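Shown next: run.cif, containing mmCIF, C-alpha atoms and all ligand atoms.
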```
data_work
loop_
_atom_site.label_atom_id
_atom_site.label_comp_id
_atom_site.auth_asym_id
_atom_site.auth_seq_id
_atom_site.Cartn_x
_atom_site.Cartn_y
_atom_site.Cartn_z
CA MET A 1 0.00 0.00 0.00
CA ARG A 2 2.74 2.49 1.04
CA ARG A 3 4.74 1.48 -2.03
CA GLY A 4 1.72 2.08 -4.29
CA VAL A 5 1.42 5.65 -3.02
CA LEU A 6 5.13 6.18 -3.59
CA ILE A 7 4.93 4.97 -7.19
CA VAL A 8 1.91 7.13 -7.94
CA GLY A 9 3.75 10.09 -6.41
CA LEU A 10 6.87 9.49 -8.47
CA VAL A 11 4.88 9.09 -11.69
CA THR A 12 3.04 12.32 -10.97
CA ILE A 13 6.29 14.20 -10.44
CA PHE A 14 7.76 12.67 -13.61
CA VAL A 15 4.75 13.66 -15.75
CA GLY A 16 4.78 17.12 -14.17
CA VAL A 17 8.44 17.69 -15.03
CA ILE A 18 7.89 16.58 -18.65
CA ALA A 19 4.88 18.91 -18.95
CA LEU A 20 6.84 21.85 -17.56
CA CYS A 21 9.76 21.21 -19.90
CA THR A 22 7.45 21.08 -22.91
CA LEU A 23 5.73 24.27 -21.85
CA GLY A 24 9.11 25.93 -21.34
CA ARG A 25 10.27 24.94 -24.80
CA VAL A 26 7.07 26.22 -26.46
CA TRP A 27 7.42 29.46 -24.55
CA ALA A 28 11.10 29.85 -25.58
CA ASP A 29 10.28 29.15 -29.26
CA ASN A 30 7.57 31.77 -29.21
CA ALA A 31 9.89 34.27 -27.55
CA ALA A 32 12.53 33.66 -30.24
CA ALA A 33 10.00 34.02 -33.04
CA ALA A 34 8.72 37.23 -31.53
CA VAL A 35 11.96 39.22 -31.87
CA ASP A 36 11.03 42.55 -33.39
CA TYR A 37 14.01 43.45 -35.56
CA THR A 38 12.90 47.07 -35.79
CA LYS A 39 13.31 47.46 -32.03
CA ILE A 40 16.67 45.81 -31.42
CA LEU A 41 20.17 47.10 -32.11
CA PRO A 42 22.29 44.79 -34.29
CA ALA A 43 24.80 44.59 -31.40
CA ASP A 44 22.15 43.25 -29.02
CA LEU A 45 20.75 40.78 -31.55
CA VAL A 46 24.25 39.35 -32.10
CA LYS A 47 24.78 39.09 -28.35
CA ASP A 48 21.44 37.33 -27.82
CA THR A 49 21.60 34.89 -30.75
CA PRO A 50 23.74 31.74 -30.81
CA LYS A 51 26.30 31.56 -33.61
CA GLY A 52 24.84 30.37 -36.91
CA LYS A 53 21.21 31.20 -36.09
CA LEU A 54 20.78 34.64 -37.70
CA VAL A 55 18.66 34.44 -40.86
CA ASN A 56 17.62 37.38 -43.01
CA PRO A 57 13.81 37.76 -42.94
CA TYR A 58 14.00 39.58 -46.29
CA LYS A 59 14.64 38.05 -49.70
CA ASP A 60 16.57 39.96 -52.35
CA THR A 61 13.49 39.65 -54.56
CA GLN A 62 11.51 41.95 -52.21
CA ALA A 63 11.80 45.21 -54.10
CA ASP A 64 10.79 47.52 -51.23
CA ALA A 65 13.21 45.99 -48.71
CA VAL A 66 16.00 46.05 -51.29
CA ALA A 67 15.31 49.70 -52.19
CA ALA A 68 15.35 50.69 -48.51
CA GLY A 69 18.58 48.72 -48.05
CA GLY A 70 20.20 50.62 -50.92
CA GLN A 71 19.28 53.91 -49.22
CA PHE A 72 20.70 52.71 -45.88
CA LEU A 73 23.94 51.66 -47.60
CA LEU A 74 24.33 55.32 -48.57
CA SER A 75 23.04 56.89 -45.34
CA TYR A 76 25.17 54.68 -43.07
CA SER A 77 28.12 55.48 -45.37
CA CYS A 78 28.96 51.89 -46.23
CA SER A 79 29.18 53.26 -49.75
CA GLY A 80 32.15 55.47 -48.79
CA CYS A 81 34.25 52.32 -48.61
CA HIS A 82 32.33 49.75 -50.64
CA GLY A 83 30.85 51.93 -53.39
CA GLY A 84 27.17 52.93 -53.79
CA GLY A 85 26.21 49.64 -55.44
CA GLY A 86 28.41 47.60 -53.08
CA GLY A 87 30.68 46.81 -56.01
CA GLY A 88 33.83 47.89 -54.21
CA GLY A 89 35.78 51.10 -53.99
CA MET A 90 38.64 51.51 -51.59
CA CYS A 91 37.39 48.34 -49.92
CA PRO A 92 36.30 44.85 -50.98
CA ALA A 93 33.38 44.30 -53.32
CA LEU A 94 30.28 42.95 -51.58
CA THR A 95 28.93 41.62 -54.85
CA ASN A 96 31.54 39.11 -56.00
CA ASP A 97 31.89 35.46 -55.01
CA ILE A 98 34.80 36.03 -52.63
CA TRP A 99 33.56 36.09 -49.04
CA VAL A 100 36.26 37.02 -46.58
CA TYR A 101 34.80 35.20 -43.55
CA GLY A 102 31.93 33.34 -45.22
CA GLY A 103 28.89 34.40 -47.23
CA ASP A 104 25.99 33.18 -45.07
CA ASP A 105 23.54 35.62 -43.45
CA ASP A 106 24.80 34.93 -39.95
CA THR A 107 28.46 35.65 -40.73
CA LEU A 108 27.74 38.81 -42.73
CA PHE A 109 25.43 40.19 -40.02
CA ARG A 110 28.07 39.54 -37.35
CA LEU A 111 30.89 41.03 -39.43
CA VAL A 112 29.09 44.33 -40.04
CA THR A 113 27.89 44.46 -36.43
CA LEU A 114 31.14 43.55 -34.65
CA GLY A 115 33.72 44.70 -37.20
CA SER A 116 36.54 42.47 -38.34
CA ASP A 117 38.79 42.84 -35.27
CA GLU A 118 36.10 41.67 -32.84
CA LEU A 119 34.91 38.99 -35.27
CA GLN A 120 38.43 37.57 -35.35
CA LYS A 121 38.58 37.67 -31.54
CA GLN A 122 35.47 35.47 -31.62
CA GLY A 123 37.36 32.87 -33.61
CA TYR A 124 36.62 33.76 -37.24
CA THR A 125 39.50 33.82 -39.72
CA ARG A 126 39.86 35.25 -43.22
CA VAL A 127 39.06 32.36 -45.50
CA GLY A 128 38.66 34.37 -48.72
CA ARG A 129 41.10 36.93 -49.97
CA GLU A 130 39.87 40.10 -51.63
CA ASN A 131 42.28 42.41 -53.44
CA VAL A 132 42.04 44.86 -50.53
CA VAL A 133 42.66 43.57 -47.00
CA GLY A 134 41.88 45.83 -44.08
CA PRO A 135 39.69 46.16 -41.02
CA MET A 136 35.91 46.50 -41.36
CA PRO A 137 34.69 48.94 -38.67
CA PRO A 138 31.95 47.85 -36.21
CA PHE A 139 28.44 49.19 -36.95
CA GLY A 140 26.49 47.33 -34.27
CA THR A 141 25.39 50.45 -32.42
CA ILE A 142 25.54 52.91 -35.35
CA ILE A 143 22.93 51.10 -37.44
CA LYS A 144 19.68 51.90 -35.64
CA SER A 145 18.03 48.50 -35.85
CA ALA A 146 18.64 44.94 -36.94
CA ASP A 147 15.87 45.53 -39.48
CA ASP A 148 17.92 48.24 -41.21
CA LEU A 149 20.91 45.91 -41.41
CA TRP A 150 18.84 43.01 -42.79
CA LYS A 151 17.58 45.35 -45.54
CA ILE A 152 21.15 46.43 -46.34
CA LEU A 153 22.16 42.78 -46.62
CA ALA A 154 19.12 42.06 -48.84
CA PHE A 155 20.32 44.90 -51.09
CA VAL A 156 23.86 43.46 -51.11
CA ARG A 157 22.45 40.06 -52.16
CA SER A 158 20.40 41.67 -54.91
CA LYS A 159 23.61 43.07 -56.43
CA TYR A 160 25.41 39.74 -56.37
CA SER A 161 27.20 39.17 -59.64
CA GLY A 162 29.39 36.12 -58.96
CA ASP A 163 28.96 32.41 -59.56
CA PRO A 164 25.39 31.60 -58.37
CA ALA A 165 26.68 28.56 -56.46
CA TYR A 166 28.73 30.85 -54.19
CA LYS A 167 26.03 33.43 -53.44
CA PHE A 168 25.71 32.35 -49.81
CA GLY A 169 29.33 31.30 -49.40
CA THR A 170 31.29 28.26 -50.46
CA PRO A 171 28.84 25.41 -51.14
CA PRO A 172 29.14 22.56 -48.59
CA ASP A 173 30.45 20.07 -51.18
CA GLN A 174 33.36 22.40 -52.01
CA GLN A 175 34.50 23.00 -48.44
C1 LIG B 201 36.06 52.34 -43.41
C2 LIG B 201 35.69 51.53 -44.52
C3 LIG B 201 34.46 50.65 -44.40
C4 LIG B 201 33.17 51.04 -44.13
C5 LIG B 201 32.64 52.42 -43.78
C6 LIG B 201 32.36 49.84 -44.24
N1 LIG B 201 33.14 48.76 -44.55
FE1 LIG B 201 32.54 46.86 -44.89
N2 LIG B 201 34.43 46.24 -45.10
C7 LIG B 201 35.54 47.06 -45.05
C8 LIG B 201 36.75 46.25 -45.17
C9 LIG B 201 38.18 46.76 -45.18
C10 LIG B 201 36.31 44.91 -45.29
C11 LIG B 201 37.18 43.64 -45.34
C12 LIG B 201 37.34 43.16 -43.91
C13 LIG B 201 38.42 42.16 -43.69
O1 LIG B 201 39.12 41.76 -44.60
O2 LIG B 201 38.58 41.77 -42.51
C14 LIG B 201 34.85 44.94 -45.27
C15 LIG B 201 34.04 43.82 -45.42
C16 LIG B 201 32.68 43.87 -45.54
C17 LIG B 201 31.83 42.75 -45.89
C18 LIG B 201 32.30 41.36 -46.27
C19 LIG B 201 32.73 41.37 -47.72
C20 LIG B 201 33.25 40.06 -48.23
O3 LIG B 201 33.66 40.01 -49.41
O4 LIG B 201 33.26 39.08 -47.49
C21 LIG B 201 30.55 43.20 -45.86
C22 LIG B 201 29.29 42.39 -46.17
C23 LIG B 201 30.58 44.59 -45.49
N3 LIG B 201 31.89 44.97 -45.31
C24 LIG B 201 29.46 45.39 -45.35
C25 LIG B 201 29.49 46.71 -44.94
C26 LIG B 201 28.31 47.48 -44.63
C27 LIG B 201 26.90 46.97 -44.74
C28 LIG B 201 28.75 48.73 -44.25
C29 LIG B 201 27.92 49.88 -43.75
C30 LIG B 201 27.04 49.61 -42.64
C31 LIG B 201 30.19 48.72 -44.34
N4 LIG B 201 30.60 47.48 -44.74
C32 LIG B 201 31.00 49.80 -44.05
C33 LIG B 201 35.54 48.44 -44.92
C34 LIG B 201 34.44 49.21 -44.64
#
```
Is it possible to express this structure as structure tokens?
Ligand code: HEC
Amino acid sequence: MRRGVLIVGLVTIFVGVIALCTLGRVWADNAAAAVDYTKILPADLVKDTPKGKLVNPYKDTQADAVAAGGQFLLSYSCSGCHGGGGGGGMCPALTNDIWVYGGDDDTLFRLVTLGSDELQKQGYTRVGRENVVGPMPPFGTIIKSADDLWKILAFVRSKYSGDPAYKFGTPPDQQ
């Protein structure tokens, strides 16, 4: 009799823990999905998001996001170094198939946010070599929101002129 009560108690606790864990996970997923990119600085988004998990919500086929991104490229003076169309000036082209640290959304967002010195401190190395090699300054608190930076990166993608297979970095089968 005593043992029966004990078993029922243990089972209840077990089921309770599972239920709580599931609830917790659902809650965390919802919280992650609910990030409002217009209200968060790129620097904070990078800090809060595990490496590899940043994905651009905009496609480079979305004309309005791309147009806004092109304006931001000018207003945040990326163009001073990279040229108005991102095609390169004093600094590397953003439109060719050479990606210095990698061409995926996550890496590009972190590079512009942290700058190349901090990115390297976090373990990234130059894997591609552009004709100009120099430091990329950090923009994580200059660009007003993650949304602005995603639009800039959508614009950059829309100007891509390299080998289609390398648009998002070196394809996995070539690494
Ligand atoms: C002072 C000059 C300068 C400014 C301003 C600047 N960049 Fe850069 N950017 C660089 C340099 C230099 C590199 C190469 C970094 C390296 O080799 O570590 C670079 C690299 C990049 C890359 C990676 C290119 C590749 O081929 O992998 C992207 C994307 C980028 N910048 C975007 C931007 C954006 C967006 C802005 C504006 C918010 C911006 N940059 C402003 C100098 C600049």
Point to revise | Close residues to ligand LIG 201 (chain B) using all atoms listed in the file, limit 8 Å, as a PyMOL selection string | key: chain A and resi 72-73+76-82+90-103+108-109+111-112+115-117+126+128-130+132-137+139+143+149+152-153+156
Review point. What separation in Å, quoted to one decimal, exists between CA of Ser75 (chain A) and CA of Phe155 (chain A)?
Key: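 Calculated distance between CA of Ser75 (chain A) and CA of Phe155 (chain A) is 13.6 Å.
Each of A:Lys59, A:Lys47, A:Lys121, A:Lys39 was compared to Arg157 (chain A) using only C-alpha atoms, and A:Lys59 turns out to be the nearest.
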Review point. Any idea what the distance is between CA of Tyr37 (chain A) and CA of Ser145 (chain A)?
Key: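 Computed distance, CA of Tyr37 (chain A) to CA of Ser145 (chain A), equals 6.5 Å.
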Study note, to complete from the structure: Here CA of Asp106 (chain A) and CA of Lys53 (chain A) stand apart by 6.5 Å
**Study point:** From A:Lys144, A:Tyr166, A:Arg110, A:Gly70, residue lying nearest Tyr124 (chain A) [all atoms listed in the file]
**Key:**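 Selected residue with least distance to Tyr124 (chain A): A:Arg110.
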Point to revise | Using all atoms listed in the file: which of A:Gln175, A:Ser158, A:Thr113, A:Thr170 has the shortest distance to Ala65 (chain A) | key: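 Closest to Ala65 (chain A) of all the choices is A:Ser158.
Candidate residues A:Asp163, A:Asp148, A:Asp105, A:Asp173 were compared for distance to Asp36 (chain A), and the nearest is A:Asp148, using all atoms listed in the file.
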Would you compute an axis-aligned box for region 101-109 of chain A, covering every atom listed for it in the file with 4 Å of margin on each side, and report centre and edge lengths in Å to one decimal as lines of an AutoDock Vina configuration file?
```
center_x = 29.2
center_y = 36.7
center_z = -43.6
size_x = 19.3
size_y = 15.0
size_z = 15.3
```
Review point. Which of these, A:Lys167, A:Ala43, A:Lys159, A:Lys151, has the shortest distance to Ala68 (chain A) once you count all atoms listed in the file?
Key: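 The answer is A:Lys151, which sits nearest to Ala68 (chain A).
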